[in-house]
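S.K.: File follows, work-v6.tsv with TSV, C-alpha atoms:
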```tsv
chain	number	residue	atom	x	y	z
A	1	MET	CA	111.55	100.56	87.60
A	2	ILE	CA	109.54	99.53	90.64
A	3	LYS	CA	110.99	98.06	93.83
A	4	ALA	CA	109.36	96.99	97.08
A	5	PHE	CA	110.39	98.30	100.48
A	6	ILE	CA	109.34	96.36	103.57
A	7	ILE	CA	109.45	98.48	106.73
A	8	HIS	CA	110.74	96.22	109.48
A	9	LEU	CA	112.08	96.84	112.96
A	10	SER	CA	115.16	94.63	113.21
A	11	ARG	CA	114.56	93.65	116.85
A	12	SER	CA	111.05	92.37	116.02
A	13	LYS	CA	112.23	88.80	115.60
A	14	ASP	CA	108.68	87.43	115.60
A	15	ARG	CA	108.08	89.22	112.28
A	16	GLN	CA	111.22	88.05	110.47
A	17	GLN	CA	109.52	84.99	109.01
A	18	GLN	CA	106.77	87.17	107.51
A	19	VAL	CA	109.39	89.54	106.07
A	20	ASP	CA	111.18	86.61	104.46
A	21	LEU	CA	107.91	85.29	103.01
A	22	LEU	CA	107.02	88.68	101.56
A	23	SER	CA	110.49	89.08	100.08
A	24	GLN	CA	110.10	85.75	98.30
A	25	THR	CA	106.58	86.32	96.98
A	26	LEU	CA	106.41	90.00	95.99
A	27	PRO	CA	106.56	90.47	92.20
A	28	VAL	CA	109.41	93.01	92.22
A	29	PRO	CA	112.92	93.28	93.72
A	30	THR	CA	112.62	93.88	97.45
A	31	ASP	CA	114.64	95.82	100.02
A	32	VAL	CA	114.04	95.81	103.77
A	33	ILE	CA	113.93	99.28	105.31
A	34	ASP	CA	115.31	99.28	108.84
A	35	ALA	CA	112.46	100.95	110.72
A	36	VAL	CA	113.19	103.83	113.05
A	37	ASP	CA	113.31	102.43	116.58
A	38	ALA	CA	111.25	104.44	119.05
A	39	ARG	CA	113.67	103.40	121.81
A	40	ASN	CA	116.45	105.30	120.08
A	41	LEU	CA	114.61	108.59	119.56
A	42	THR	CA	115.76	111.39	121.84
A	43	ASP	CA	113.66	114.33	123.03
A	44	GLU	CA	115.57	116.48	120.55
A	45	ASP	CA	114.74	114.09	117.72
A	46	VAL	CA	111.05	114.30	118.58
A	47	GLN	CA	110.98	118.08	119.00
A	48	ARG	CA	112.64	118.55	115.63
A	49	VAL	CA	109.89	116.77	113.69
A	50	TYR	CA	106.76	116.70	115.87
A	51	LYS	CA	104.87	120.01	116.00
A	52	PRO	CA	101.40	119.64	117.60
A	53	GLY	CA	98.68	121.88	116.18
A	54	LEU	CA	100.49	122.45	112.91
A	55	TYR	CA	97.49	122.07	110.60
A	56	ALA	CA	93.71	122.37	110.55
A	57	PRO	CA	91.60	120.56	111.41
A	58	ARG	CA	93.58	120.19	114.60
A	59	TYR	CA	94.46	116.60	115.45
A	60	PRO	CA	92.93	116.03	118.91
A	61	PHE	CA	95.44	113.49	120.26
A	62	ALA	CA	99.10	113.64	121.20
A	63	LEU	CA	101.29	111.27	119.22
A	64	ASN	CA	103.10	108.56	121.11
A	65	ILE	CA	106.74	107.86	120.44
A	66	ARG	CA	105.92	104.77	118.37
A	67	GLU	CA	103.66	106.74	116.04
A	68	ILE	CA	106.45	109.25	115.52
A	69	ALA	CA	108.91	106.45	114.77
A	70	CYS	CA	106.42	104.91	112.32
A	71	PHE	CA	106.10	108.22	110.46
A	72	LEU	CA	109.88	108.56	110.25
A	73	SER	CA	110.13	104.99	108.94
A	74	HIS	CA	107.79	105.77	106.07
A	75	ARG	CA	109.86	108.84	105.31
A	76	LYS	CA	112.90	106.55	105.02
A	77	ALA	CA	111.04	104.49	102.43
A	78	TRP	CA	110.03	107.60	100.47
A	79	GLN	CA	113.63	108.80	100.57
A	80	ALA	CA	114.80	105.47	99.16
A	81	ILE	CA	112.40	105.85	96.21
A	82	VAL	CA	113.85	109.28	95.45
A	83	ASP	CA	117.49	108.32	96.04
A	84	GLN	CA	117.24	105.24	93.81
A	85	LYS	CA	115.43	107.24	91.09
A	86	LEU	CA	112.67	104.65	90.85
A	87	THR	CA	109.51	105.02	88.82
A	88	ALA	CA	107.66	104.03	91.97
A	89	GLY	CA	108.15	102.12	95.20
A	90	LEU	CA	105.85	99.54	96.73
A	91	VAL	CA	106.00	100.43	100.42
A	92	LEU	CA	104.60	97.96	102.92
A	93	GLU	CA	104.70	97.22	106.62
A	94	ASP	CA	105.90	93.90	107.99
A	95	ASP	CA	102.49	92.86	109.36
A	96	VAL	CA	100.99	92.49	105.88
A	97	ALA	CA	99.92	89.25	104.24
A	98	LEU	CA	98.96	88.89	100.58
A	99	THR	CA	95.58	87.48	99.53
A	100	PRO	CA	94.58	85.84	96.23
A	101	ASP	CA	93.44	89.28	94.97
A	102	PHE	CA	96.92	90.77	95.27
A	103	ALA	CA	98.27	89.80	91.84
A	104	LYS	CA	95.43	91.61	90.06
A	105	ALA	CA	95.59	94.58	92.42
A	106	TYR	CA	99.31	95.02	91.88
A	107	ALA	CA	99.04	94.56	88.11
A	108	ALA	CA	96.36	97.27	87.86
A	109	ALA	CA	98.27	99.69	90.09
A	110	ALA	CA	101.56	99.12	88.24
A	111	GLU	CA	99.88	99.63	84.87
A	112	PHE	CA	98.23	102.87	86.00
A	113	VAL	CA	100.82	104.50	88.26
A	114	ARG	CA	102.29	107.85	87.26
A	115	PRO	CA	105.15	109.70	88.97
A	116	GLU	CA	102.71	111.87	90.95
A	117	ASP	CA	100.53	109.00	92.18
A	118	PHE	CA	100.08	107.53	95.64
A	119	ILE	CA	98.01	104.34	95.35
A	120	ARG	CA	96.82	102.66	98.53
A	121	PHE	CA	96.15	98.93	98.87
A	122	PRO	CA	93.44	99.03	101.57
A	123	PHE	CA	92.88	96.03	103.81
A	124	ARG	CA	89.26	97.15	104.34
A	125	PRO	CA	88.22	97.72	100.70
A	126	HIS	CA	84.49	97.96	101.50
A	127	ARG	CA	85.21	101.28	103.22
A	128	GLU	CA	86.61	102.91	100.08
A	129	ASN	CA	84.18	105.04	98.08
A	130	GLY	CA	84.74	107.45	95.24
A	131	PRO	CA	84.77	107.83	91.48
A	132	GLU	CA	86.37	105.04	89.48
A	133	ILE	CA	89.27	106.26	87.34
A	134	PHE	CA	90.70	102.96	86.12
A	135	ALA	CA	89.52	99.38	85.84
A	136	ALA	CA	91.03	96.05	84.87
A	137	GLY	CA	88.43	93.32	85.09
A	138	SER	CA	87.00	93.29	88.60
A	139	THR	CA	89.87	95.40	89.98
A	140	ARG	CA	89.24	99.14	90.23
A	141	ILE	CA	91.24	102.23	91.13
A	142	LEU	CA	89.21	104.85	92.98
A	143	ARG	CA	89.75	108.46	93.98
A	144	ALA	CA	88.37	108.12	97.50
A	145	LYS	CA	87.19	111.12	99.50
A	146	PRO	CA	88.07	111.21	102.26
A	147	VAL	CA	91.25	109.21	101.81
A	148	GLY	CA	91.06	105.96	103.77
A	149	LEU	CA	93.18	105.11	106.79
A	150	GLY	CA	95.97	102.58	107.14
A	151	MET	CA	99.47	102.33	105.64
A	152	VAL	CA	99.79	98.59	105.18
A	153	MET	CA	100.82	98.92	101.52
A	154	GLN	CA	101.11	101.74	98.98
A	155	LEU	CA	102.56	102.20	95.50
A	156	VAL	CA	104.30	105.58	95.68
A	157	GLY	CA	105.41	107.35	92.52
A	158	HIS	CA	108.78	109.12	92.43
A	159	ASP	CA	107.34	112.64	92.36
A	160	ALA	CA	104.78	111.78	95.06
A	161	ALA	CA	107.59	110.54	97.33
A	162	LYS	CA	109.56	113.73	96.71
A	163	GLN	CA	106.50	115.86	97.47
A	164	LEU	CA	105.76	113.96	100.67
A	165	LEU	CA	109.31	114.39	101.91
A	166	ALA	CA	109.05	118.13	101.34
A	167	VAL	CA	105.77	118.59	103.21
A	168	THR	CA	106.45	116.23	106.13
A	169	GLU	CA	109.75	117.57	107.44
A	170	THR	CA	107.54	118.40	110.41
A	171	PHE	CA	104.19	116.79	111.22
A	172	ASP	CA	101.44	116.86	113.84
A	173	ARG	CA	99.53	113.58	113.36
A	174	PRO	CA	100.09	109.96	112.31
A	175	VAL	CA	101.28	109.22	108.80
A	176	ASP	CA	97.96	107.81	107.54
A	177	THR	CA	95.92	110.77	108.77
A	178	THR	CA	98.49	113.12	107.25
A	179	LEU	CA	97.89	111.45	103.87
A	180	GLN	CA	94.18	112.26	104.26
A	181	MET	CA	95.04	115.96	104.11
A	182	ASN	CA	95.37	116.34	100.36
A	183	TRP	CA	94.87	120.08	100.87
A	184	ILE	CA	98.26	120.03	102.65
A	185	THR	CA	100.17	117.32	100.78
A	186	GLY	CA	99.17	118.46	97.31
A	187	LEU	CA	98.53	114.81	96.38
A	188	SER	CA	95.29	113.04	95.51
A	189	PRO	CA	95.77	109.54	96.93
A	190	LEU	CA	94.04	106.69	95.13
A	191	ALA	CA	92.92	103.24	96.25
A	192	VAL	CA	92.99	99.95	94.35
A	193	VAL	CA	90.13	97.64	95.32
A	194	PRO	CA	90.13	94.90	96.25
A	195	GLY	CA	93.57	95.64	97.66
A	196	GLY	CA	94.74	92.07	97.94
A	197	VAL	CA	96.25	92.53	101.39
A	198	LYS	CA	95.32	91.83	104.99
A	199	GLU	CA	96.77	93.06	108.26
A	200	VAL	CA	98.04	90.22	110.46
A	201	SER	CA	99.71	91.95	113.41
A	202	SER	CA	97.63	89.93	115.88
A	203	GLN	CA	99.28	86.77	114.52
A	204	LEU	CA	102.76	88.29	114.83
A	205	GLY	CA	102.84	89.37	118.44
A	206	GLY	CA	100.51	92.39	118.24
A	207	SER	CA	100.88	95.98	117.06
A	208	THR	CA	104.26	97.68	117.40
A	209	ILE	CA	102.59	101.12	117.39
A	210	GLN	CA	99.49	101.09	119.58
A	211	GLN	CA	99.84	101.14	123.36
A	212	GLN	CA	97.40	100.25	126.13
A	213	LYS	CA	95.51	103.38	127.22
A	214	PRO	CA	93.76	104.22	130.51
A	215	LEU	CA	89.97	103.93	130.47
A	216	LEU	CA	89.43	107.71	130.63
A	217	GLU	CA	91.67	108.28	127.64
A	218	LYS	CA	89.85	105.56	125.71
A	219	LEU	CA	86.52	107.27	126.42
A	220	GLN	CA	87.90	110.64	125.33
A	221	ARG	CA	89.09	109.10	122.07
A	222	GLU	CA	85.70	107.54	121.42
A	223	ILE	CA	84.16	111.02	121.70
A	224	LEU	CA	86.79	113.04	119.84
A	225	ARG	CA	87.59	110.61	117.01
A	226	PRO	CA	84.24	110.89	115.15
A	227	ILE	CA	84.29	114.68	115.53
A	228	TYR	CA	87.74	114.82	113.97
A	229	ARG	CA	86.70	112.51	111.14
A	230	MET	CA	83.69	114.68	110.33
A	231	ARG	CA	86.00	117.68	110.09
A	232	VAL	CA	88.33	115.80	107.75
A	233	LYS	CA	85.36	114.91	105.54
A	234	ALA	CA	84.32	118.56	105.46
A	235	TYR	CA	87.80	119.68	104.39
A	236	SER	CA	87.87	116.91	101.77
A	237	ARG	CA	84.57	118.08	100.29
A	238	GLN	CA	85.86	121.65	100.09
A	239	GLU	CA	89.01	120.45	98.34
A	240	GLY	CA	86.93	118.58	95.78
A	241	LYS	CA	84.99	121.71	94.72
```
Starting from the coordinates I provided, produce the structure as C-alpha cells.

M.R.:
Amino acid sequence: MIKAFIIHLSRSKDRQQQVDLLSQTLPVPTDVIDAVDARNLTDEDVQRVYKPGLYAPRYPFALNIREIACFLSHRKAWQAIVDQKLTAGLVLEDDVALTPDFAKAYAAAAEFVRPEDFIRFPFRPHRENGPEIFAAGSTRILRAKPVGLGMVMQLVGHDAAKQLLAVTETFDRPVDTTLQMNWITGLSPLAVVPGGVKEVSSQLGGSTIQQQKPLLEKLQREILRPIYRMRVKAYSRQEGK
C-alpha cells in the first residue's frame, strides 16, 4: 500500500489551498503531516538532534532553526511510513504543484519501487545524470551521482524510511544534503525524470525555510558552496567504485 504525506505547517494559511488541491488530485490516499514548527523548538530540542561537524565532508554552514525543523518534519513523515507498515510513502512539501508529466512519473516510480528504495521527483530534471535502471516510455528512473538536491517530493520505501530514521537521530546538515551522503545513509537514492513536479513557494508567500542573509554571509556562501559540492562529488565517485 502507498499513501501520500503532505508536510504542512498549520499556521501557514496561505498554503492551505495548495494542500487541499494536492489532497484532491494525488492518486493515492493522502494524510497531512503537521510540520515541526521552528517557533516551538527549544535550545534543548536543537542540541539533542543537531551536531555540527558530524560527518565528512564537513558541511560549511550552520543550520538555521527552520532547516532543523524541516529535517524533523521529514523524519515525522518517514516515521508515519514505518508506523503504518506501508509499502512506500509519497512524501511531499506543501509548495509543490503537479505538472502534466506527473501521472507518468508516479506510475513508473510506483511500478518500480522496492522496500529499500528512495525515489526523488526532481523539479529540475535536466540536472539529473546517471545510469538508467528503469524506463516506461519517455519516463526514466536514474541512479544519479551525486544525488540531486531538493525534497519537494519523494517515494520512500518502508525499509528506506526505517533506515533513514536510524541514521538521522542526529544530523549536521539539511535533509536534502544528508540524502546525498549515500556512504552514510546506506541508501542509493534514485530519480524519476521528468519528475512531474514544480516548486511554487514564490506564489505561496515565499520560502518557509530560507532567511535573508547579510551580504558578507552571502559572499562566503558563494565561495564555500562550490567547494563543498566538489567534495560531495568526490565522495560519491569513491562510493561508486

S.K.: Separation of CA of Glu116 in chain A and CA of Gly157 in chain A, in Å?

M.R.: 5.5 Å

S.K.: Rounded to one decimal in Å, what is the spacing between CA of Gly130 in chain A and CA of Ile68 in chain A?

M.R.: 29.8 Å

S.K.: Determine, counting all atoms listed in the file, which protein, DNA and RNA residues have an atom within 9 Å of an atom of Arg114 in chain A; residues of the same chain fewer than 6 positions away are not included. Present the result as a VMD selection string.

M.R.: chain A and resid 87 to 88 156 to 159

S.K.: If I take CA of Val19 in chain A and CA of Lys76 in chain A, how far is one from the other in Å, to one decimal?

M.R.: 17.4 Å

S.K.: Kindly indicate which residue among A:Ala62, A:Ala35, A:Val113, A:Val49 lies nearest to Glu217 in chain A, using all atoms listed in the file for the distances.

M.R.: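 Between A:Ala62, A:Ala35, A:Val113, A:Val49, the residue approaching Glu217 in chain A most closely is A:Ala62.
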
S.K.: Using all atoms listed in the file, which of the listed residues (A:Arg127, A:Ala38, A:Gln180, A:Gln17) sits closest to Ala69 in chain A?

M.R.: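 Of all the options, A:Ala38 lies closest to Ala69 in chain A.
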
S.K.: Which one is closest to Ile141 in chain A: A:Gly195, A:Asp101, A:Ile184, A:Lys233? Count only C-alpha atoms.

M.R.: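 For Ile141 in chain A, the nearest of the candidates is A:Gly195.
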
S.K.: Excluding same-chain residues fewer than 4 positions from range 144-148 of chain A, what lies within 12 Å of it counting only C-alpha atoms, as a PyMOL selection string?

M.R.: chain A and resi 118-133+140+152+154+175-183+187-193+229-241

S.K.: Counting all atoms listed in the file, note down every residue that has an atom within 9 Å of the point (109.8, 104.3, 115.2) (file coordinates), as a PDB file with C-alpha atoms, in the frame of the given file.

M.R.:
```
ATOM      1  CA  LEU A   9     112.080  96.840 112.960  1.00  0.00           C
ATOM      2  CA  ALA A  35     112.460 100.950 110.720  1.00  0.00           C
ATOM      3  CA  VAL A  36     113.190 103.830 113.050  1.00  0.00           C
ATOM      4  CA  ASP A  37     113.310 102.430 116.580  1.00  0.00           C
ATOM      5  CA  ALA A  38     111.250 104.440 119.050  1.00  0.00           C
ATOM      6  CA  ARG A  39     113.670 103.400 121.810  1.00  0.00           C
ATOM      7  CA  ASN A  40     116.450 105.300 120.080  1.00  0.00           C
ATOM      8  CA  LEU A  41     114.610 108.590 119.560  1.00  0.00           C
ATOM      9  CA  ILE A  65     106.740 107.860 120.440  1.00  0.00           C
ATOM     10  CA  ARG A  66     105.920 104.770 118.370  1.00  0.00           C
ATOM     11  CA  GLU A  67     103.660 106.740 116.040  1.00  0.00           C
ATOM     12  CA  ILE A  68     106.450 109.250 115.520  1.00  0.00           C
ATOM     13  CA  ALA A  69     108.910 106.450 114.770  1.00  0.00           C
ATOM     14  CA  CYS A  70     106.420 104.910 112.320  1.00  0.00           C
ATOM     15  CA  PHE A  71     106.100 108.220 110.460  1.00  0.00           C
ATOM     16  CA  LEU A  72     109.880 108.560 110.250  1.00  0.00           C
ATOM     17  CA  SER A  73     110.130 104.990 108.940  1.00  0.00           C
ATOM     18  CA  THR A 208     104.260  97.680 117.400  1.00  0.00           C
ATOM     19  CA  ILE A 209     102.590 101.120 117.390  1.00  0.00           C
TER      20      ILE A 209
END
```

S.K.: Counting all atoms listed in the file, which residues come within 12 Å of (102.7, 90.3, 108.5), with the point read in the file's coordinates, and could you list them as an MDAnalysis selection string?

M.R.: chainID A and resid 6:8 12:23 92:99 152:153 197:208

S.K.: Using all atoms listed in the file for the distances, tell me which of A:Gly150, A:Pro27, A:Gly89, A:Pro174 is nearest to Leu63 in chain A.

M.R.: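 For Leu63 in chain A, the nearest of the given residues is A:Pro174.
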
S.K.: Pick from A:Pro115, A:Pro226, A:Gly137, A:Pro100: nearest to Gly196 in chain A, with only C-alpha atoms counted?

M.R.: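 With only C-alpha atoms as the atom set, the closest residue is A:Pro100.
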
S.K.: Determine the axis-aligned bounding box of all atoms of range 151-165 of chain A present in the file, pad each side by 6 Å, and express its centre and edge lengths in Å to one decimal place as AutoDock Vina command-line options.

M.R.:
```
--center_x 104.5 --center_y 107.2 --center_z 99.0 --size_x 22.1 --size_y 29.3 --size_z 25.3
```

S.K.: When you count all atoms listed in the file, which of these residues is closest to Gln163 in chain A: A:Asp34, A:Glu44, A:Glu222, A:Asp117?

M.R.: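 So, comparing all the options, the nearest one is A:Asp117.
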
S.K.: Can you list, as a PDB file with C-alpha atoms, keeping the file's coordinate frame, every protein, DNA or RNA residue that comes within 8 Å of Gln79 in chain A when you count all atoms listed in the file, leaving out same-chain residues fewer than 3 positions away?

M.R.:
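For reference, part.pdb as written:
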```
ATOM      1  CA  ARG A  75     109.860 108.840 105.310  1.00  0.00           C
ATOM      2  CA  LYS A  76     112.900 106.550 105.020  1.00  0.00           C
ATOM      3  CA  VAL A  82     113.850 109.280  95.450  1.00  0.00           C
ATOM      4  CA  ASP A  83     117.490 108.320  96.040  1.00  0.00           C
ATOM      5  CA  ALA A 161     107.590 110.540  97.330  1.00  0.00           C
ATOM      6  CA  LYS A 162     109.560 113.730  96.710  1.00  0.00           C
ATOM      7  CA  LEU A 165     109.310 114.390 101.910  1.00  0.00           C
TER       8      LEU A 165
END
```
